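What follows is the content of run24.csv, which has CSV, C-alpha atoms:
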```
chain,number,residue,atom,x,y,z
A,1,MET,CA,-29.9,45.9,-17.3
A,2,ALA,CA,-28.3,42.5,-17.9
A,3,LYS,CA,-25.0,41.9,-16.2
A,4,THR,CA,-22.2,40.9,-18.4
A,5,VAL,CA,-20.0,38.1,-17.1
A,6,SER,CA,-16.4,38.1,-18.1
A,7,LYS,CA,-14.8,34.7,-18.4
A,8,VAL,CA,-11.5,34.5,-16.6
A,9,THR,CA,-9.1,32.0,-18.1
A,10,ALA,CA,-5.7,30.9,-17.0
A,11,PRO,CA,-2.7,32.3,-18.9
A,12,ALA,CA,-0.8,30.1,-21.2
A,13,ILE,CA,2.0,28.1,-19.5
A,14,ASN,CA,5.3,30.0,-19.8
A,15,ILE,CA,7.9,28.2,-17.8
A,16,GLY,CA,10.7,28.2,-20.3
A,17,ILE,CA,9.9,24.8,-21.8
A,18,ASN,CA,8.0,24.8,-25.1
A,19,GLU,CA,4.8,22.9,-25.6
A,20,LYS,CA,6.3,20.1,-27.7
A,21,ASP,CA,8.9,19.3,-25.1
A,22,ARG,CA,6.4,19.6,-22.2
A,23,ALA,CA,4.2,17.1,-24.1
A,24,ALA,CA,7.0,14.7,-24.6
A,25,ILE,CA,8.1,14.9,-21.0
A,26,ALA,CA,4.5,14.4,-19.8
A,27,LYS,CA,4.2,11.4,-22.0
A,28,GLY,CA,7.4,9.8,-20.5
A,29,LEU,CA,6.3,10.7,-17.0
A,30,SER,CA,2.9,9.1,-17.7
A,31,ARG,CA,4.8,5.9,-18.4
A,32,LEU,CA,6.8,6.3,-15.2
A,33,LEU,CA,3.6,6.8,-13.3
A,34,ALA,CA,2.0,3.7,-14.8
A,35,ASP,CA,5.1,1.6,-14.1
A,36,THR,CA,5.3,2.9,-10.5
A,37,TYR,CA,1.6,2.3,-9.8
A,38,THR,CA,1.7,-1.2,-11.3
A,39,LEU,CA,4.8,-2.1,-9.3
A,40,TYR,CA,3.0,-0.7,-6.2
A,41,LEU,CA,0.0,-3.0,-6.7
A,42,THR,CA,2.3,-6.0,-7.3
A,43,THR,CA,4.3,-5.3,-4.2
A,44,HIS,CA,1.2,-4.8,-2.0
A,45,ASN,CA,-0.2,-8.0,-3.4
A,46,PHE,CA,3.0,-9.8,-2.5
A,47,HIS,CA,2.9,-8.3,1.0
A,48,TRP,CA,-0.5,-9.8,1.5
A,49,ASN,CA,0.2,-13.2,0.0
A,50,VAL,CA,3.8,-14.0,1.0
A,51,THR,CA,4.3,-17.3,2.8
A,52,GLY,CA,7.2,-19.5,4.0
A,53,PRO,CA,10.1,-19.4,6.3
A,54,MET,CA,11.0,-15.7,5.4
A,55,PHE,CA,7.4,-14.5,5.9
A,56,ASN,CA,8.2,-12.0,8.6
A,57,SER,CA,11.1,-10.3,6.9
A,58,LEU,CA,9.6,-10.3,3.4
A,59,HIS,CA,6.2,-9.1,4.7
A,60,ALA,CA,7.9,-6.2,6.5
A,61,MET,CA,10.2,-5.4,3.5
A,62,PHE,CA,7.3,-5.5,1.0
A,63,MET,CA,5.3,-3.1,3.2
A,64,ALA,CA,8.2,-0.6,3.3
A,65,GLN,CA,8.6,-0.9,-0.4
A,66,TYR,CA,4.9,-0.5,-1.3
A,67,THR,CA,4.6,2.5,1.1
A,68,GLU,CA,7.6,4.1,-0.7
A,69,LEU,CA,6.0,3.4,-4.1
A,70,TRP,CA,2.6,4.8,-2.9
A,71,THR,CA,4.3,8.0,-1.8
A,72,ALA,CA,6.1,8.3,-5.1
A,73,VAL,CA,3.1,8.4,-7.4
A,74,ASP,CA,1.9,11.8,-6.3
A,75,PRO,CA,5.0,13.8,-7.2
A,76,VAL,CA,5.2,12.1,-10.6
A,77,ALA,CA,1.5,12.9,-11.3
A,78,GLU,CA,1.9,16.4,-10.0
A,79,ARG,CA,4.9,17.0,-12.2
A,80,ILE,CA,2.8,16.0,-15.2
A,81,ARG,CA,0.1,18.5,-14.1
A,82,SER,CA,2.8,21.2,-13.6
A,83,LEU,CA,3.7,20.7,-17.3
A,84,GLY,CA,0.1,21.4,-18.3
A,85,HIS,CA,-1.0,17.8,-19.0
A,86,ALA,CA,-3.5,15.5,-17.4
A,87,ALA,CA,-2.0,12.6,-15.4
A,88,PRO,CA,-3.4,9.1,-16.2
A,89,GLY,CA,-5.2,7.6,-13.4
A,90,SER,CA,-7.2,4.5,-14.4
A,91,TYR,CA,-6.3,0.9,-14.5
A,92,ALA,CA,-7.0,0.9,-18.3
A,93,GLN,CA,-4.6,3.8,-18.9
A,94,PHE,CA,-2.0,2.2,-16.6
A,95,GLY,CA,-2.3,-1.1,-18.4
A,96,LYS,CA,-1.6,0.5,-21.8
A,97,LEU,CA,1.3,2.6,-20.5
A,98,SER,CA,3.1,0.3,-18.2
A,99,SER,CA,6.1,-1.8,-19.1
A,100,VAL,CA,5.8,-3.6,-15.8
A,101,PRO,CA,3.6,-6.7,-16.1
A,102,ASP,CA,0.6,-7.2,-13.8
A,103,ALA,CA,1.0,-9.4,-10.8
A,104,PRO,CA,0.5,-13.2,-11.4
A,105,ALA,CA,-3.1,-14.3,-10.9
A,106,SER,CA,-2.0,-16.9,-8.3
A,107,PRO,CA,0.6,-15.8,-5.7
A,108,PRO,CA,4.0,-17.3,-6.5
A,109,LYS,CA,6.4,-18.7,-4.0
A,110,ALA,CA,8.3,-16.1,-1.9
A,111,MET,CA,11.6,-16.2,-3.8
A,112,GLU,CA,9.7,-15.9,-7.1
A,113,MET,CA,8.0,-12.8,-5.7
A,114,VAL,CA,11.4,-11.4,-4.9
A,115,ARG,CA,12.6,-12.2,-8.5
A,116,ILE,CA,9.5,-10.5,-10.0
A,117,LEU,CA,10.1,-7.4,-7.9
A,118,VAL,CA,13.7,-7.2,-9.0
A,119,GLN,CA,12.5,-7.2,-12.6
A,120,GLY,CA,9.8,-4.6,-11.8
A,121,HIS,CA,12.2,-2.2,-10.2
A,122,GLU,CA,14.7,-2.6,-13.0
A,123,ALA,CA,11.9,-1.9,-15.5
A,124,VAL,CA,10.9,1.3,-13.7
A,125,ALA,CA,14.5,2.4,-13.6
A,126,ARG,CA,14.8,1.9,-17.4
A,127,THR,CA,11.6,3.9,-18.0
A,128,ALA,CA,13.0,6.8,-15.9
A,129,ARG,CA,16.4,6.6,-17.6
A,130,GLU,CA,14.8,6.7,-21.1
A,131,LEU,CA,13.3,10.1,-20.3
A,132,PHE,CA,16.6,11.9,-19.5
A,133,ALA,CA,17.4,12.8,-23.1
A,134,VAL,CA,14.3,14.9,-23.7
A,135,VAL,CA,14.4,16.3,-20.1
A,136,ASP,CA,18.0,17.4,-20.6
A,137,LYS,CA,17.4,18.9,-24.0
A,138,ALA,CA,14.5,20.9,-22.6
A,139,GLY,CA,16.4,22.1,-19.6
A,140,ASP,CA,13.8,20.6,-17.3
A,141,GLU,CA,15.7,20.5,-14.0
A,142,PRO,CA,12.7,19.7,-11.7
A,143,THR,CA,11.9,16.6,-13.8
A,144,ALA,CA,15.6,15.6,-13.9
A,145,ASP,CA,15.7,15.8,-10.1
A,146,LEU,CA,12.6,13.7,-9.8
A,147,LEU,CA,14.0,11.1,-12.2
A,148,THR,CA,17.3,11.0,-10.3
A,149,GLN,CA,15.5,10.4,-7.0
A,150,ARG,CA,13.4,7.6,-8.6
A,151,LEU,CA,16.4,6.0,-10.2
A,152,THR,CA,18.2,5.9,-6.8
A,153,VAL,CA,15.3,4.2,-5.1
A,154,HIS,CA,14.6,1.6,-7.9
A,155,GLU,CA,18.2,0.7,-8.4
A,156,GLN,CA,18.9,0.3,-4.7
A,157,THR,CA,15.8,-1.7,-4.1
A,158,ALA,CA,16.6,-4.0,-7.1
A,159,TRP,CA,20.1,-4.5,-5.6
A,160,MET,CA,18.7,-5.3,-2.1
A,161,LEU,CA,16.1,-7.8,-3.5
A,162,ARG,CA,18.7,-9.4,-5.8
A,163,SER,CA,20.9,-9.9,-2.8
A,164,ILE,CA,18.2,-12.1,-1.2
A,165,LEU,CA,18.3,-14.4,-4.2
A,166,GLU,CA,22.0,-15.1,-4.0
A,167,GLU,CA,23.1,-18.4,-2.5
```
Turn this file's structure into structure tokens for me.
Amino acid sequence: MAKTVSKVTAPAINIGINEKDRAAIAKGLSRLLADTYTLYLTTHNFHWNVTGPMFNSLHAMFMAQYTELWTAVDPVAERIRSLGHAAPGSYAQFGKLSSVPDAPASPPKAMEMVRILVQGHEAVARTARELFAVVDKAGDEPTADLLTQRLTVHEQTAWMLRSILEE
């Protein structure tokens, strides 16, 4: 006798957020993930390539910043997965989704690096903030909490970097 194999499938997602809203939130989070990863790469690049009289302090600051960004990508990607969608994870996908420009081909001077990072953190903050309307409408508190955490980091980091540029 032939054995019949029953196929076990996962039940449909039923977390109190409809599919349309989950898709919209995942799309916004994908943009946030791309922005965060792009900013991570730029910050790490600057850590490696910074020169000049502020080398020690900027090298250490950039390391702390890229480490925080590296740690941040996982919760964003996992929230996308929790909503039932695939997280983007290729350079090609990130390039299409990100509002943060790629790092310059040649390393800029130290203070230009700082200026570029200010703009990058502000761009990521704008991306996070744009998503609040759909998250609020859907009653998605976990994503709202994640966005609030990311906004706090990016706005504070932009302020600290901007302070270095003041004369």
Task: Interatomic distance, atom CA of A:Arg115 to atom CA of A:Gln149 (Å, one decimal) - done: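 Interatomic distance, atom CA of A:Arg115 to atom CA of A:Gln149: 22.8 Å.
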Open item on the list: Please list as a PyMOL selection string every residue within 10 Å of A:Val124, counting all atoms listed in the file and excluding residues in the same chain fewer than 2 positions away.
Closed with: chain A and resi 31-36+38-39+98-100+119-122+126-130+150-151+154-155
Which stretch 94-167 of chain A residues have any atom within 12 Å of an atom of stretch 10-21 of chain A, and for each, what is the nearest pair of atoms with distance in Å to one decimal, counting only C-alpha atoms, rows sorted by chain and number, as JSON lines?
```
{"residue": "A:Leu131", "atom": "CA", "partner": "A:Asp21", "partner_atom": "CA", "distance": 11.3}
{"residue": "A:Ala133", "atom": "CA", "partner": "A:Asp21", "partner_atom": "CA", "distance": 10.9}
{"residue": "A:Val134", "atom": "CA", "partner": "A:Asp21", "partner_atom": "CA", "distance": 7.1}
{"residue": "A:Val135", "atom": "CA", "partner": "A:Asp21", "partner_atom": "CA", "distance": 8.0}
{"residue": "A:Asp136", "atom": "CA", "partner": "A:Asp21", "partner_atom": "CA", "distance": 10.3}
{"residue": "A:Lys137", "atom": "CA", "partner": "A:Asp21", "partner_atom": "CA", "distance": 8.6}
{"residue": "A:Ala138", "atom": "CA", "partner": "A:Ile17", "partner_atom": "CA", "distance": 6.1}
{"residue": "A:Gly139", "atom": "CA", "partner": "A:Ile17", "partner_atom": "CA", "distance": 7.4}
{"residue": "A:Asp140", "atom": "CA", "partner": "A:Ile17", "partner_atom": "CA", "distance": 7.3}
{"residue": "A:Glu141", "atom": "CA", "partner": "A:Ile17", "partner_atom": "CA", "distance": 10.6}
{"residue": "A:Pro142", "atom": "CA", "partner": "A:Ile15", "partner_atom": "CA", "distance": 11.5}
{"residue": "A:Thr143", "atom": "CA", "partner": "A:Ile17", "partner_atom": "CA", "distance": 11.6}
```
Open item on the list: Let me make sure I understand: among A:Leu41, A:Val8, A:Leu83, A:Ala24, which one has the smallest atom-to-atom distance to A:Asp102 if we use all atoms listed in the file?
Closed with: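 Closest residue, counting all atoms listed in the file: A:Leu41.
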Open item on the list: Given all atoms listed in the file as the basis, pick out the residue of A:Lys27, A:His47, A:Lys109, A:His85 nearest to A:Tyr66.
Closed with: A:His47
Open item on the list: I need the residue nearest A:Arg81 from this list: A:Ala123, A:Ser163, A:Arg22, A:Ala158. Use all atoms listed in the file for the distance.
Closed with: A:Arg22
- [ ] Can you work out which one of A:Met111, A:Ala125, A:Leu58, A:Ile116 has the shortest atom-to-atom distance to A:Glu167, counting all atoms listed in the file?
- [x] A:Met111
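In this model, the gap between atom CA of A:Asp74 and atom CA of A:Gly28 comes to 15.4 Å.
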- [ ] Return the single residue from A:Ala64, A:Thr42, A:Gly89, A:His59 that is closest to A:Pro101, with distances computed using only C-alpha atoms.
- [x]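 Using only C-alpha atoms, the shortest distance to A:Pro101 belongs to A:Thr42.
The space separating atom CA of A:Ser57 from atom CA of A:Leu69 comes to 18.3 Å.
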Open item on the list: Which residue is closest to A:Phe46? Choose from A:Val5, A:Leu117, A:Ile25, A:Ala87 and count all atoms listed in the file.
Closed with: A:Leu117
Open item on the list: I need every residue sitting at most 10 Å from the point (0.7, -13.9, 0.4) (coordinates as in the file, all atoms listed in the file considered), written as a count of residues only.
Closed with: 17
Write only all heavy atoms for stretch 1-13 of chain A from the block just shown, as a PDB file, in the first residue's frame.
```
ATOM      1  N   MET A   1       0.825  -1.184   0.000  1.00  0.00           N
ATOM      2  CA  MET A   1       0.000   0.000   0.000  1.00  0.00           C
ATOM      3  C   MET A   1       0.870   1.249   0.000  1.00  0.00           C
ATOM      4  O   MET A   1       1.811   1.344   0.764  1.00  0.00           O
ATOM      5  CB  MET A   1      -0.865   0.031   1.252  1.00  0.00           C
ATOM      6  CG  MET A   1      -2.190  -0.619   1.063  1.00  0.00           C
ATOM      7  SD  MET A   1      -3.046  -0.631   2.612  1.00  0.00           S
ATOM      8  CE  MET A   1      -4.329   0.455   2.294  1.00  0.00           C
ATOM      9  N   ALA A   2       0.465   2.172  -0.814  1.00  0.00           N
ATOM     10  CA  ALA A   2       1.180   3.445  -0.886  1.00  0.00           C
ATOM     11  C   ALA A   2       0.783   4.324   0.290  1.00  0.00           C
ATOM     12  O   ALA A   2      -0.380   4.375   0.670  1.00  0.00           O
ATOM     13  CB  ALA A   2       0.882   4.142  -2.200  1.00  0.00           C
ATOM     14  N   LYS A   3       1.780   4.956   0.832  1.00  0.00           N
ATOM     15  CA  LYS A   3       1.537   5.870   1.937  1.00  0.00           C
ATOM     16  C   LYS A   3       1.109   7.223   1.386  1.00  0.00           C
ATOM     17  O   LYS A   3       1.706   7.735   0.457  1.00  0.00           O
ATOM     18  CB  LYS A   3       2.836   6.065   2.730  1.00  0.00           C
ATOM     19  CG  LYS A   3       2.754   5.655   4.142  1.00  0.00           C
ATOM     20  CD  LYS A   3       4.062   5.999   4.822  1.00  0.00           C
ATOM     21  CE  LYS A   3       3.946   5.667   6.278  1.00  0.00           C
ATOM     22  NZ  LYS A   3       5.132   6.001   6.999  1.00  0.00           N
ATOM     23  N   THR A   4       0.097   7.784   1.957  1.00  0.00           N
ATOM     24  CA  THR A   4      -0.292   9.133   1.546  1.00  0.00           C
ATOM     25  C   THR A   4       0.408  10.130   2.459  1.00  0.00           C
ATOM     26  O   THR A   4       0.492   9.940   3.674  1.00  0.00           O
ATOM     27  CB  THR A   4      -1.818   9.346   1.622  1.00  0.00           C
ATOM     28  OG1 THR A   4      -2.237   9.092   2.940  1.00  0.00           O
ATOM     29  CG2 THR A   4      -2.536   8.453   0.632  1.00  0.00           C
ATOM     30  N   VAL A   5       0.923  11.149   1.833  1.00  0.00           N
ATOM     31  CA  VAL A   5       1.625  12.185   2.581  1.00  0.00           C
ATOM     32  C   VAL A   5       0.741  13.422   2.591  1.00  0.00           C
ATOM     33  O   VAL A   5       0.330  13.916   1.547  1.00  0.00           O
ATOM     34  CB  VAL A   5       2.995  12.515   1.925  1.00  0.00           C
ATOM     35  CG1 VAL A   5       3.710  13.620   2.679  1.00  0.00           C
ATOM     36  CG2 VAL A   5       3.855  11.277   1.854  1.00  0.00           C
ATOM     37  N   SER A   6       0.419  13.850   3.763  1.00  0.00           N
ATOM     38  CA  SER A   6      -0.388  15.071   3.840  1.00  0.00           C
ATOM     39  C   SER A   6       0.561  16.260   3.926  1.00  0.00           C
ATOM     40  O   SER A   6       1.572  16.226   4.619  1.00  0.00           O
ATOM     41  CB  SER A   6      -1.329  15.029   5.047  1.00  0.00           C
ATOM     42  OG  SER A   6      -0.581  14.977   6.237  1.00  0.00           O
ATOM     43  N   LYS A   7       0.209  17.270   3.201  1.00  0.00           N
ATOM     44  CA  LYS A   7       1.018  18.479   3.177  1.00  0.00           C
ATOM     45  C   LYS A   7       0.551  19.398   4.299  1.00  0.00           C
ATOM     46  O   LYS A   7      -0.621  19.711   4.416  1.00  0.00           O
ATOM     47  CB  LYS A   7       0.874  19.180   1.818  1.00  0.00           C
ATOM     48  CG  LYS A   7       1.758  20.369   1.665  1.00  0.00           C
ATOM     49  CD  LYS A   7       1.624  20.949   0.274  1.00  0.00           C
ATOM     50  CE  LYS A   7       2.486  22.185   0.152  1.00  0.00           C
ATOM     51  NZ  LYS A   7       2.342  22.813  -1.150  1.00  0.00           N
ATOM     52  N   VAL A   8       1.487  19.800   5.136  1.00  0.00           N
ATOM     53  CA  VAL A   8       1.179  20.696   6.236  1.00  0.00           C
ATOM     54  C   VAL A   8       1.540  22.104   5.789  1.00  0.00           C
ATOM     55  O   VAL A   8       2.655  22.362   5.346  1.00  0.00           O
ATOM     56  CB  VAL A   8       1.971  20.324   7.504  1.00  0.00           C
ATOM     57  CG1 VAL A   8       1.693  21.303   8.619  1.00  0.00           C
ATOM     58  CG2 VAL A   8       1.647  18.907   7.931  1.00  0.00           C
ATOM     59  N   THR A   9       0.597  22.994   5.890  1.00  0.00           N
ATOM     60  CA  THR A   9       0.864  24.380   5.525  1.00  0.00           C
ATOM     61  C   THR A   9       0.625  25.265   6.735  1.00  0.00           C
ATOM     62  O   THR A   9      -0.161  24.937   7.625  1.00  0.00           O
ATOM     63  CB  THR A   9      -0.042  24.844   4.366  1.00  0.00           C
ATOM     64  OG1 THR A   9      -1.401  24.711   4.773  1.00  0.00           O
ATOM     65  CG2 THR A   9       0.202  24.036   3.102  1.00  0.00           C
ATOM     66  N   ALA A  10       1.296  26.372   6.711  1.00  0.00           N
ATOM     67  CA  ALA A  10       1.138  27.323   7.803  1.00  0.00           C
ATOM     68  C   ALA A  10      -0.218  28.000   7.678  1.00  0.00           C
ATOM     69  O   ALA A  10      -0.702  28.248   6.579  1.00  0.00           O
ATOM     70  CB  ALA A  10       2.248  28.369   7.751  1.00  0.00           C
ATOM     71  N   PRO A  11      -0.845  28.300   8.789  1.00  0.00           N
ATOM     72  CA  PRO A  11      -2.123  29.006   8.722  1.00  0.00           C
ATOM     73  C   PRO A  11      -1.910  30.435   8.224  1.00  0.00           C
ATOM     74  O   PRO A  11      -0.804  30.982   8.308  1.00  0.00           O
ATOM     75  CB  PRO A  11      -2.618  28.996  10.170  1.00  0.00           C
ATOM     76  CG  PRO A  11      -1.404  28.765  10.999  1.00  0.00           C
ATOM     77  CD  PRO A  11      -0.434  28.007  10.153  1.00  0.00           C
ATOM     78  N   ALA A  12      -2.962  31.014   7.706  1.00  0.00           N
ATOM     79  CA  ALA A  12      -2.903  32.402   7.250  1.00  0.00           C
ATOM     80  C   ALA A  12      -2.563  33.311   8.434  1.00  0.00           C
ATOM     81  O   ALA A  12      -2.896  33.006   9.579  1.00  0.00           O
ATOM     82  CB  ALA A  12      -4.238  32.804   6.634  1.00  0.00           C
ATOM     83  N   ILE A  13      -1.902  34.405   8.136  1.00  0.00           N
ATOM     84  CA  ILE A  13      -1.549  35.368   9.188  1.00  0.00           C
ATOM     85  C   ILE A  13      -2.817  36.050   9.672  1.00  0.00           C
ATOM     86  O   ILE A  13      -3.606  36.566   8.878  1.00  0.00           O
ATOM     87  CB  ILE A  13      -0.534  36.404   8.663  1.00  0.00           C
ATOM     88  CG1 ILE A  13       0.771  35.699   8.307  1.00  0.00           C
ATOM     89  CG2 ILE A  13      -0.303  37.508   9.680  1.00  0.00           C
ATOM     90  CD1 ILE A  13       1.784  36.588   7.613  1.00  0.00           C
TER      91      ILE A  13
END
```
